[in-house]
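Asks: Below is the file upload.txt, which contains compact mmCIF, C-alpha atoms.
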```
# COMPACT_ATOMS: atom_id res chain seq x y z
CA MET A 1 -30.43 -5.44 19.50
CA ARG A 2 -28.14 -3.23 21.58
CA ARG A 3 -26.94 -6.25 23.58
CA THR A 4 -26.13 -8.15 20.38
CA LEU A 5 -24.27 -5.16 18.99
CA PHE A 6 -22.34 -4.86 22.24
CA LYS A 7 -21.25 -8.51 21.96
CA LEU A 8 -20.19 -8.05 18.34
CA HIS A 9 -18.32 -4.89 19.34
CA SER A 10 -16.52 -6.70 22.17
CA TYR A 11 -15.55 -9.84 20.28
CA SER A 12 -14.48 -7.92 17.17
CA ALA A 13 -12.20 -5.77 19.33
CA LEU A 14 -10.69 -8.86 20.98
CA ILE A 15 -10.07 -10.53 17.61
CA ALA A 16 -8.28 -7.50 16.18
CA LEU A 17 -6.68 -6.31 19.43
CA ILE A 18 -3.03 -7.01 18.59
CA PRO A 19 -3.16 -5.73 14.97
CA LEU A 20 -4.99 -2.57 16.09
CA ILE A 21 -2.45 -1.89 18.83
CA ILE A 22 0.39 -2.27 16.31
CA VAL A 23 -1.36 0.01 13.82
CA SER A 24 -2.15 2.52 16.56
CA ILE A 25 1.40 2.88 17.89
CA THR A 26 3.16 2.84 14.50
CA GLY A 27 0.62 5.19 12.92
CA SER A 28 1.03 7.80 15.65
CA ILE A 29 4.81 7.69 15.21
CA LEU A 30 4.60 7.85 11.40
CA VAL A 31 2.58 11.07 11.50
CA PHE A 32 6.00 12.67 12.06
CA LYS A 33 7.95 10.42 9.69
CA THR A 34 9.68 13.28 7.85
CA GLU A 35 10.71 15.01 11.05
CA ILE A 36 12.01 11.77 12.57
CA ASP A 37 14.01 10.94 9.42
CA GLN A 38 15.66 14.36 9.45
CA LEU A 39 16.43 14.06 13.15
CA LEU A 40 17.95 10.58 12.86
CA MET A 41 19.68 11.15 9.50
CA PRO A 42 20.63 14.85 9.39
CA ASN A 43 23.34 14.29 6.78
CA SER A 44 21.15 12.46 4.28
CA ALA A 45 17.43 13.05 4.79
CA ALA A 46 17.85 16.76 5.54
CA LEU A 47 19.35 19.65 3.55
CA PRO A 48 20.96 22.68 5.21
CA TYR A 49 20.02 25.39 2.73
CA HIS A 50 16.95 26.72 4.54
CA GLN A 51 19.26 27.63 7.44
CA GLN A 52 21.90 29.38 5.30
CA ALA A 53 20.91 32.96 4.62
CA ASP A 54 23.78 33.44 2.15
CA VAL A 55 22.78 30.46 -0.05
CA THR A 56 19.82 30.41 -2.41
CA PHE A 57 18.52 26.90 -3.00
CA VAL A 58 18.37 26.17 -6.74
CA ARG A 59 17.83 22.75 -8.30
CA GLN A 60 20.28 21.86 -11.03
CA ASN A 61 19.11 20.71 -14.46
CA HIS A 62 17.33 17.41 -13.96
CA ASN A 63 19.15 15.78 -16.88
CA VAL A 64 22.43 16.44 -15.06
CA LEU A 65 21.06 15.08 -11.78
CA GLN A 66 19.66 11.97 -13.42
CA ALA A 67 22.86 11.27 -15.35
CA HIS A 68 24.85 11.51 -12.12
CA VAL A 69 22.60 8.98 -10.36
CA GLU A 70 22.71 6.58 -13.32
CA GLN A 71 26.50 6.80 -13.57
CA THR A 72 26.93 6.32 -9.84
CA PHE A 73 24.66 3.28 -9.72
CA PRO A 74 24.95 1.53 -13.11
CA GLU A 75 23.49 -1.71 -11.75
CA TYR A 76 20.15 0.03 -11.13
CA ILE A 77 17.54 1.85 -13.18
CA VAL A 78 15.67 4.92 -11.94
CA GLY A 79 12.10 3.96 -11.02
CA ALA A 80 10.84 7.12 -9.34
CA TRP A 81 12.11 10.47 -8.08
CA GLU A 82 10.50 12.41 -5.24
CA VAL A 83 11.10 16.13 -5.74
CA PHE A 84 11.47 18.75 -2.99
CA THR A 85 12.14 22.43 -3.57
CA ASP A 86 12.27 23.89 -0.05
CA GLY A 87 15.99 23.39 0.57
CA GLN A 88 15.07 21.50 3.73
CA GLU A 89 14.17 17.98 2.59
CA ALA A 90 16.47 15.89 0.40
CA ASP A 91 15.14 14.32 -2.79
CA ARG A 92 14.35 10.63 -2.54
CA VAL A 93 15.35 8.60 -5.60
CA TYR A 94 13.89 5.11 -5.93
CA LEU A 95 15.95 2.60 -7.89
CA VAL A 96 15.14 -0.85 -9.26
CA LYS A 97 18.01 -3.32 -9.33
CA LYS A 98 18.48 -4.70 -12.83
CA GLY A 99 17.20 -8.22 -13.34
CA THR A 100 14.92 -8.01 -10.28
CA ASP A 101 11.81 -6.22 -9.09
CA ASP A 102 13.54 -5.11 -5.87
CA TRP A 103 13.29 -1.41 -5.05
CA PHE A 104 15.94 0.64 -3.26
CA LYS A 105 16.07 4.20 -1.97
CA VAL A 106 18.76 6.89 -2.17
CA TYR A 107 18.80 10.38 -0.66
CA PHE A 108 20.02 13.06 -3.04
CA ASP A 109 20.94 16.75 -2.90
CA PRO A 110 19.63 18.40 -6.11
CA HIS A 111 21.37 21.71 -5.34
CA ALA A 112 24.87 20.28 -5.05
CA ASN A 113 24.20 17.31 -7.40
CA GLN A 114 25.39 15.00 -4.65
CA VAL A 115 24.39 11.48 -3.62
CA LEU A 116 23.82 11.50 0.14
CA SER A 117 23.38 7.79 0.82
CA GLU A 118 23.92 4.35 -0.64
CA PRO A 119 20.99 2.36 -2.08
CA VAL A 120 19.17 0.52 0.67
CA SER A 121 15.95 -1.48 0.75
CA THR A 122 12.81 0.63 1.04
CA THR A 123 12.30 -0.91 4.50
CA SER A 124 15.84 -0.47 5.86
CA TYR A 125 15.51 2.83 7.73
CA LEU A 126 13.63 2.88 11.04
CA THR A 127 10.57 4.80 9.84
CA ASP A 128 10.41 2.79 6.61
CA TRP A 129 10.48 -0.40 8.66
CA LEU A 130 7.71 1.01 10.86
CA LEU A 131 5.71 1.89 7.74
CA ASN A 132 6.06 -1.70 6.53
CA LEU A 133 4.98 -2.93 9.97
CA HIS A 134 2.04 -0.52 9.92
CA TYR A 135 0.71 -1.70 6.56
CA THR A 136 1.77 -5.36 6.33
CA PHE A 137 2.75 -6.46 9.87
CA LEU A 138 5.97 -7.70 8.18
CA LEU A 139 3.99 -10.66 6.81
CA ASN A 140 3.95 -9.92 3.07
CA GLY A 141 6.29 -12.26 1.25
CA ILE A 142 6.29 -14.85 4.04
CA GLY A 143 6.30 -18.31 2.49
CA ASP A 144 5.83 -16.88 -0.99
CA GLU A 145 7.68 -13.89 -2.40
CA HIS A 146 4.43 -12.29 -3.52
CA SER A 147 2.10 -13.37 -0.70
CA GLN A 148 -0.21 -10.69 0.66
CA TRP A 149 -1.09 -12.03 4.13
CA GLY A 150 -0.04 -8.81 5.82
CA THR A 151 -2.21 -6.72 3.50
CA ILE A 152 -5.18 -9.05 4.11
CA ILE A 153 -4.77 -8.76 7.90
CA GLY A 154 -4.42 -4.98 7.54
CA LEU A 155 -7.63 -4.86 5.49
CA LEU A 156 -9.52 -6.92 8.09
CA ALA A 157 -8.14 -4.74 10.91
CA ALA A 158 -9.28 -1.58 9.08
CA LEU A 159 -12.75 -3.08 8.53
CA ILE A 160 -13.01 -3.97 12.22
CA LEU A 161 -11.74 -0.53 13.28
CA THR A 162 -14.44 1.11 11.17
CA PHE A 163 -17.09 -1.22 12.61
CA LEU A 164 -15.89 -0.48 16.16
CA GLY A 165 -16.12 3.25 15.54
CA ILE A 166 -19.68 3.01 14.21
CA SER A 167 -20.95 0.42 16.71
CA GLY A 168 -19.39 2.32 19.62
CA LEU A 169 -21.31 5.45 18.69
CA ILE A 170 -24.53 3.44 18.42
CA ILE A 171 -24.00 1.66 21.75
CA HIS A 172 -23.25 4.98 23.46
CA ARG A 173 -25.72 6.92 21.32
CA LYS A 174 -26.17 9.59 23.99
CA PHE A 175 -22.43 10.10 24.37
CA TRP A 176 -22.72 13.88 23.98
CA LEU A 177 -24.49 14.12 27.35
CA ASN A 178 -21.29 13.13 29.19
CA LEU A 179 -18.47 14.35 26.96
CA PHE A 180 -16.59 15.71 29.96
CA SER A 181 -17.66 13.21 32.61
CA LEU A 182 -14.88 11.10 34.11
CA ARG A 183 -15.52 9.71 37.59
CA LEU A 184 -12.00 9.58 39.04
CA HIS A 185 -12.95 8.57 42.58
CA LYS A 186 -15.16 5.63 41.71
CA SER A 187 -14.12 2.00 41.23
CA MET A 188 -11.64 0.97 38.55
CA ARG A 189 -14.52 -0.58 36.62
CA VAL A 190 -16.48 2.68 36.58
CA PHE A 191 -13.37 4.71 35.74
CA SER A 192 -12.44 2.34 32.89
CA GLY A 193 -15.97 2.51 31.48
CA ASP A 194 -16.00 6.31 31.60
CA LEU A 195 -12.53 6.56 30.03
CA HIS A 196 -13.46 4.06 27.30
CA ARG A 197 -16.64 5.96 26.43
CA LEU A 198 -14.98 9.35 26.66
CA ILE A 199 -12.00 8.53 24.43
CA GLY A 200 -14.23 6.67 21.98
CA ALA A 201 -16.53 9.68 21.64
CA TRP A 202 -13.78 12.27 21.21
CA ALA A 203 -11.64 10.13 18.91
CA SER A 204 -14.47 8.67 16.82
CA PRO A 205 -14.08 11.08 13.86
CA VAL A 206 -10.37 10.28 13.56
CA ILE A 207 -10.98 6.54 14.14
CA LEU A 208 -13.56 6.45 11.33
CA ILE A 209 -11.27 8.36 8.97
CA LEU A 210 -8.36 6.04 9.74
CA GLY A 211 -10.59 2.98 9.32
CA VAL A 212 -12.10 4.00 5.98
CA THR A 213 -8.81 5.19 4.50
CA GLY A 214 -7.09 2.04 5.79
CA ILE A 215 -9.70 -0.09 4.02
CA TYR A 216 -9.06 1.79 0.79
CA PHE A 217 -5.25 1.58 0.88
CA ASN A 218 -5.15 -2.11 1.80
CA ALA A 219 -7.83 -3.08 -0.73
CA LEU A 220 -6.02 -1.09 -3.44
CA GLU A 221 -2.69 -2.73 -2.61
CA TYR A 222 -4.23 -6.20 -2.65
CA TYR A 223 -5.96 -5.58 -5.98
CA HIS A 224 -2.79 -4.15 -7.50
CA GLU A 225 -0.59 -7.06 -6.45
CA VAL A 226 -3.02 -9.94 -7.01
CA PHE A 227 -5.04 -8.86 -10.05
CA GLU A 228 -2.96 -6.24 -11.88
CA HIS A 229 0.46 -7.81 -11.22
CA PRO A 230 0.06 -11.52 -10.45
CA SER A 231 3.22 -13.25 -9.28
CA ASP A 232 3.81 -14.96 -12.63
CA GLU A 233 3.68 -11.64 -14.51
CA HIS A 234 6.20 -9.56 -12.57
CA TYR A 235 8.65 -7.81 -14.87
CA TYR A 236 12.39 -7.75 -14.17
CA PRO A 237 14.05 -4.90 -16.08
CA THR A 238 17.60 -5.32 -17.35
CA LYS A 239 17.96 -1.79 -18.76
CA ALA A 240 16.24 1.57 -18.76
CA LEU A 241 12.92 1.46 -20.63
CA TYR A 242 13.04 4.96 -22.09
CA ASP A 243 14.81 6.59 -25.01
CA PRO A 244 18.13 7.96 -23.66
CA SER A 245 17.79 11.06 -25.84
CA ILE A 246 14.69 12.28 -23.98
CA ASP A 247 15.10 15.70 -22.38
CA PHE A 248 13.55 15.04 -18.97
CA GLN A 249 14.12 18.59 -17.76
CA GLY A 250 12.24 19.74 -20.85
CA LEU A 251 9.35 17.43 -19.97
CA ILE A 252 9.26 18.71 -16.40
CA ASP A 253 9.22 22.31 -17.66
CA ASP A 254 6.54 21.44 -20.20
CA SER A 255 4.36 19.87 -17.50
CA GLN A 256 4.22 23.25 -15.78
CA SER A 257 2.88 24.83 -18.94
CA GLN A 258 0.29 22.09 -19.48
CA LEU A 259 -1.51 22.76 -16.18
CA GLU A 260 -2.07 26.13 -14.56
CA ALA A 261 0.22 26.82 -11.56
CA PHE A 262 1.39 23.19 -11.58
CA THR A 263 4.18 22.25 -9.14
CA PRO A 264 5.93 18.91 -9.83
CA THR A 265 6.45 16.74 -6.77
CA TYR A 266 7.04 13.17 -8.02
CA LEU A 267 8.47 11.70 -11.22
CA LEU A 268 7.47 8.16 -12.18
CA TYR A 269 9.81 6.51 -14.69
CA PRO A 270 9.05 3.55 -16.98
CA TYR A 271 10.04 0.59 -14.81
CA GLU A 272 7.68 -1.80 -16.60
CA PRO A 273 6.74 -2.06 -20.32
CA GLU A 274 3.28 -0.48 -19.87
CA VAL A 275 4.51 2.44 -17.73
CA HIS A 276 5.36 5.83 -19.25
CA PHE A 277 7.03 8.90 -17.76
CA THR A 278 4.57 10.71 -15.50
CA VAL A 279 5.01 13.94 -13.61
CA PHE A 280 2.83 14.11 -10.49
CA GLY A 281 2.17 17.39 -8.76
CA HIS A 282 -0.36 19.77 -7.28
CA GLN A 283 -2.00 23.10 -7.97
CA PRO A 284 -3.62 25.80 -5.83
CA ARG A 285 -6.20 23.77 -3.96
CA ALA A 286 -9.92 24.32 -3.88
CA ASN A 287 -9.99 21.08 -1.88
CA PRO A 288 -8.03 21.53 1.39
CA PHE A 289 -7.45 17.78 1.57
CA ALA A 290 -6.01 17.39 -1.94
CA SER A 291 -2.69 15.55 -1.95
CA ASP A 292 0.59 16.73 -3.44
CA TYR A 293 0.03 14.19 -6.25
CA SER A 294 -3.49 15.17 -7.31
CA SER A 295 -2.60 16.25 -10.87
CA THR A 296 -0.55 14.38 -13.48
CA VAL A 297 1.10 14.94 -16.86
CA THR A 298 2.18 11.84 -18.80
CA TYR A 299 4.69 11.56 -21.67
CA ASP A 300 5.53 8.70 -24.01
CA ARG A 301 8.67 6.91 -22.82
CA GLU A 302 10.09 6.51 -26.35
CA SER A 303 9.23 9.80 -28.05
CA GLY A 304 8.61 12.12 -25.11
CA ALA A 305 5.30 13.14 -26.70
CA LEU A 306 2.53 14.38 -24.44
CA MET A 307 -0.01 11.65 -23.74
CA ALA A 308 -2.29 13.18 -21.10
CA ALA A 309 -2.57 16.13 -18.73
CA ILE A 310 -5.03 15.62 -15.89
CA ASP A 311 -6.02 18.56 -13.71
CA GLY A 312 -6.94 17.18 -10.29
CA ARG A 313 -9.24 20.12 -9.70
CA ASP A 314 -11.46 18.94 -12.55
CA ALA A 315 -11.60 15.31 -11.44
CA ASN A 316 -14.87 13.67 -10.47
CA ALA A 317 -15.96 13.40 -6.86
CA VAL A 318 -14.74 9.81 -6.41
CA ILE A 319 -11.19 10.64 -7.56
CA LYS A 320 -11.08 13.77 -5.42
CA VAL A 321 -12.22 11.87 -2.34
CA THR A 322 -9.77 8.98 -2.78
CA ASP A 323 -6.94 11.42 -3.52
CA SER A 324 -7.66 13.17 -0.22
CA PHE A 325 -7.26 9.86 1.66
CA ARG A 326 -3.47 10.28 1.68
CA GLU A 327 -3.64 13.57 3.59
CA LEU A 328 -6.48 12.39 5.81
CA HIS A 329 -4.82 9.12 6.80
CA PHE A 330 -1.68 10.78 8.16
CA GLY A 331 -3.26 14.07 9.21
CA SER A 332 -0.86 16.18 7.15
CA PHE A 333 -3.54 18.45 5.66
CA GLY A 334 -3.37 21.08 8.41
CA GLY A 335 0.32 21.24 9.22
CA LEU A 336 1.57 20.77 12.76
CA ILE A 337 -1.85 21.17 14.42
CA SER A 338 -3.56 18.39 12.46
CA LYS A 339 -0.49 16.15 12.85
CA LEU A 340 -0.59 16.56 16.63
CA ILE A 341 -4.31 15.76 16.71
CA TRP A 342 -3.80 12.65 14.56
CA CYS A 343 -0.81 11.58 16.65
CA ILE A 344 -2.76 11.83 19.92
CA PHE A 345 -6.06 10.37 18.70
CA GLY A 346 -4.18 7.76 16.69
CA LEU A 347 -3.22 6.20 20.02
CA SER A 348 -6.87 5.88 21.04
CA PRO A 349 -7.19 2.23 19.84
CA LEU A 350 -4.39 1.36 22.27
CA ILE A 351 -6.17 2.95 25.24
CA LEU A 352 -9.57 1.67 24.10
CA GLY A 353 -8.08 -1.80 23.80
CA ILE A 354 -6.68 -1.74 27.34
CA THR A 355 -9.87 -0.36 28.92
CA GLY A 356 -12.04 -2.61 26.76
CA VAL A 357 -10.19 -5.76 27.81
CA TYR A 358 -10.47 -4.72 31.46
CA ILE A 359 -14.22 -4.12 31.13
CA TRP A 360 -14.72 -7.42 29.30
CA GLN A 361 -12.67 -9.34 31.86
CA HIS A 362 -14.59 -7.69 34.73
CA ARG A 363 -17.95 -8.61 33.19
CA ARG A 364 -16.73 -12.16 32.55
CA SER A 365 -15.53 -12.58 36.15
CA LYS A 366 -18.77 -11.13 37.48
CA LYS A 367 -20.80 -13.52 35.34
CA LYS A 368 -18.76 -16.50 36.59
CA ARG A 369 -19.30 -15.46 40.20
CA SER A 370 -23.03 -15.14 39.59
CA THR A 371 -23.13 -18.60 38.03
CA LEU A 372 -21.39 -20.12 41.05
CA VAL A 373 -23.72 -18.37 43.53
CA TYR A 374 -26.94 -19.37 41.78
CA SER A 375 -25.88 -22.78 40.49
CA PRO A 376 -28.55 -25.48 41.25
CA SER A 377 -25.81 -27.82 42.40
CA GLN A 378 -25.05 -25.62 45.42
```
In structure tokens, what does this structure look like?
Replies:
Amino acid sequence: MRRTLFKLHSYSALIALIPLIIVSITGSILVFKTEIDQLLMPNSAALPYHQQADVTFVRQNHNVLQAHVEQTFPEYIVGAWEVFTDGQEADRVYLVKKGTDDWFKVYFDPHANQVLSEPVSTTSYLTDWLLNLHYTFLLNGIGDEHSQWGTIIGLLAALILTFLGISGLIIHRKFWLNLFSLRLHKSMRVFSGDLHRLIGAWASPVILILGVTGIYFNALEYYHEVFEHPSDEHYYPTKALYDPSIDFQGLIDDSQSQLEAFTPTYLLYPYEPEVHFTVFGHQPRANPFASDYSSTVTYDRESGALMAAIDGRDANAVIKVTDSFRELHFGSFGGLISKLIWCIFGLSPLILGITGVYIWQHRRSKKKRSTLVYSPSQ
């Protein structure tokens, strides 16, 4: 049984080697996506107010901000608005070009009511391109505008990663006896085996988390695109789908009264006929892994009437667990410390792949030599 599992472990790793290496490298980089964006684009992704002691960061009325964006980019409609209130990170406004279902991104200063960048594709910037590579391997849309080959490969890679994490622990079921054993002065084969086992044991919790959450995100994306929005049902807006008289600042303020200690973080606009205006946000967390989007307040896009207010703290266990996947996948739940851990252990599939291939090749060569020595034809 253990020998069969070892073979399955080895061949599964070889099949998914390249996708797992890509996911490993890009994922470790993307743990620090925000920091990289601000470093590379200090005049758009970052705001200076947290460094200016004589300036108090205050967001202007959202109706004024929204009107400015709509007047600046009349050929687009607002699809979503990511809200930041720390004076350090610029708002991200997501626009849909009229007559298409193409999304674009703009950085925006809500304190100065100033557009900081031109609309670009959501995969134009370096980290956005890496994110697309991480999730789709740049294969979605190849051959067919709505093809999901990249998502399918990502789903299979996540399934294999999860299997590798579980099977590795079973194969080395007494791994805890040698958690610090690394024979540096032995042969390369022995060293590679020790390093493979050691990294696999230490990184297994993170590997399993990344595998399970990766399965969820890819499966959800595939279901959303194929079953909820089949290619022949994509909507192409030609104008804003909400009543222009709606007081959006009033709705944002009202959302904070609907849920206790609610902090808005993301505004979803009606970009399709069945979508209404929803304010996502978070509240003081009983769950340390709850995301910044765990609670929602939804308003009718035509009347502005309250439709639903969902307190994430009262959600059932399934919703709470899946909501926590966002924080767990990128290790952002514990600040810098958890990000560093995720960044380091996120590279483990790369090292495990290299050592695993070496071990497999060594065993294969040894087997061939044995066959030649004991062949009846000799």
Asks: Using all atoms listed in the file, which residues of range 173-241 of chain A come within 12 Å of range 358-368 of chain A, and what is the closest atom pair for each, with the distance in Å to one decimal? Give it as a Markdown table, sorted by chain and residue number.
Replies:
```
| residue | atom | partner | partner_atom | distance |
| --- | --- | --- | --- | --- |
| A:Ser187 | CA | A:His362 | CA | 11.7 |
| A:Met188 | CA | A:Tyr358 | CA | 9.2 |
| A:Arg189 | CA | A:Ile359 | CA | 6.5 |
| A:Val190 | CA | A:Ile359 | CA | 9.0 |
| A:Phe191 | CA | A:Ile359 | CA | 10.0 |
| A:Ser192 | CA | A:Ile359 | CA | 6.9 |
| A:Gly193 | CA | A:Ile359 | CA | 6.9 |
| A:Asp194 | CA | A:Ile359 | CA | 10.6 |
| A:Leu195 | CA | A:Ile359 | CA | 10.9 |
| A:His196 | CA | A:Ile359 | CA | 9.1 |
| A:Arg197 | CA | A:Ile359 | CA | 11.4 |
```
Asks: Rounded to one decimal in Å, what is the spacing between CA of Cys343 in chain A and CA of Trp129 in chain A?
Replies: 18.3 Å
Asks: Just the number, please: distance in Å from CA of Ser28 in chain A to CA of Ser204 in chain A, one decimal.
Replies: 15.6 Å
Asks: Would you pick out the contacts of Leu139 in chain A at 9 Å or less, using all atoms listed in the file, so that residues sharing its chain but fewer than 5 positions from it are not included, and give the list as a list in words?
Replies: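 In the requested form, the answer reads Leu133, Ser147, Gln148, Trp149, Gly150 and Thr151 of chain A.
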Asks: Let me see the file: selected residues, C-alpha atoms, as a tab-separated table (two decimals), keeping the file's coordinate frame.
Replies:
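Output saved as out.tsv:
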```
chain	number	residue	atom	x	y	z
A	133	LEU	CA	4.98	-2.93	9.97
A	147	SER	CA	2.10	-13.37	-0.70
A	148	GLN	CA	-0.21	-10.69	0.66
A	149	TRP	CA	-1.09	-12.03	4.13
A	150	GLY	CA	-0.04	-8.81	5.82
A	151	THR	CA	-2.21	-6.72	3.50
```
Asks: Find, counting all atoms listed in the file, the residue in A:Phe289, A:Thr265, A:Gln249, A:Ile341 that gets nearest to Arg326 in chain A.
Replies: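 For Arg326 in chain A, the nearest of the candidates is A:Phe289.
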Asks: Mind giving me the straight-line distance from CA of Ser12 in chain A to CA of Leu161 in chain A in Å, one decimal?
Replies: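 Result for CA of Ser12 in chain A versus CA of Leu161 in chain A: 8.8 Å, one decimal.
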Asks: Just checking: using only C-alpha atoms, which residue out of A:Leu336, A:Glu274, A:Tyr242, A:Met1 ends up closest to Ser167 in chain A?
Replies: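 Among the listed residues, A:Met1 lies closest to Ser167 in chain A.
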Asks: Within 12 Å of Ala46 in chain A, counting all atoms listed in the file, which residues qualify if same-chain residues fewer than 3 places away don't, as a list in words?
Replies: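 Skipping anything fewer than 3 positions along the chain leaves Thr34, Glu35, Ile36, Asp37, Gln38, Leu39, Leu40, Met41, Pro42, Asn43, Tyr49, His50, Gln51, Phe84, Asp86, Gly87, Gln88, Glu89, Ala90, Asp91, Arg92, Tyr107, Phe108, Asp109, Pro110, Leu116 and Ser117 of chain A.
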Asks: Would you mind telling me which residue in A:Tyr223, A:Tyr125, A:Tyr235, A:Tyr11 lies nearest to Tyr271 in chain A when using all atoms listed in the file?
Replies: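 Between A:Tyr223, A:Tyr125, A:Tyr235, A:Tyr11, the residue approaching Tyr271 in chain A most closely is A:Tyr235.
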Asks: What are the centre and edge lengths in Å, to one decimal, of the axis-aligned box around all listed atoms of range 102-119 of chain A with 3 Å added on each side, as lines of an AutoDock Vina configuration file?
Replies:
```
center_x = 19.3
center_y = 8.3
center_z = -3.3
size_x = 18.1
size_y = 32.8
size_z = 14.2
```
Asks: With only C-alpha atoms as the atoms that count, which of A:Leu340, A:Val279, A:Ile29, A:Leu259 lies nearest to Asp314 in chain A?
Replies: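 For Asp314 in chain A, the nearest of the candidates is A:Leu259.
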Asks: Closest to Asn287 in chain A among A:Gly312, A:Pro119, A:Gly79, A:Pro244, using only C-alpha atoms?
Replies: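 For Asn287 in chain A, the nearest of the given residues is A:Gly312.
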Asks: For Leu159 in chain A, which residue out of A:Tyr216, A:Trp81, A:Phe248, A:Tyr222 is the nearest one, using all atoms listed in the file?
Replies: A:Tyr216
Asks: For Ile160 in chain A, please output as a PyMOL selection string all residues within 12 Å (counting only C-alpha atoms; exclusion window: fewer than 4 positions along the same chain).
Replies: chain A and resi 8-17+19-20+153-156+164-168+207-208+210-212+214-215+349
Asks: Would you pick out the contacts of Phe333 in chain A at 12 Å or less, using all atoms listed in the file, so that residues sharing its chain but fewer than 2 positions from it are not included, and give the list as a list in words?
Replies: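 Everything that qualifies: Val31, Arg285, Asn287, Pro288, Phe289, Ala290, Ser291, Asp292, Ser324, Phe325, Arg326, Glu327, Leu328, His329, Phe330, Gly331, Gly335, Leu336, Ile337, Ser338, Lys339, Leu340, Ile341 and Trp342 of chain A.
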Asks: Neighbouring residues of Asp300 in chain A were defined as those with any atom within 7 Å, considering all atoms listed in the file; residues of the same chain fewer than 6 positions away were excluded. Please report them as a PyMOL selection string.
Replies: chain A and resi 276-277+306-307
Asks: Identify the residues within 8 Å of coordinate (4.0, -4.8, 12.4) (same frame as the file), considering all atoms listed in the file, and give the answer as a PDB file with C-alpha atoms, in the frame of the given file.
Replies:
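Full text of out.pdb as output:
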```
ATOM      1  CA  PRO A  19      -3.160  -5.730  14.970  1.00  0.00           C
ATOM      2  CA  ILE A  22       0.390  -2.270  16.310  1.00  0.00           C
ATOM      3  CA  VAL A  23      -1.360   0.010  13.820  1.00  0.00           C
ATOM      4  CA  THR A  26       3.160   2.840  14.500  1.00  0.00           C
ATOM      5  CA  LEU A 130       7.710   1.010  10.860  1.00  0.00           C
ATOM      6  CA  ASN A 132       6.060  -1.700   6.530  1.00  0.00           C
ATOM      7  CA  LEU A 133       4.980  -2.930   9.970  1.00  0.00           C
ATOM      8  CA  HIS A 134       2.040  -0.520   9.920  1.00  0.00           C
ATOM      9  CA  TYR A 135       0.710  -1.700   6.560  1.00  0.00           C
ATOM     10  CA  THR A 136       1.770  -5.360   6.330  1.00  0.00           C
ATOM     11  CA  PHE A 137       2.750  -6.460   9.870  1.00  0.00           C
ATOM     12  CA  LEU A 138       5.970  -7.700   8.180  1.00  0.00           C
TER      13      LEU A 138
END
```
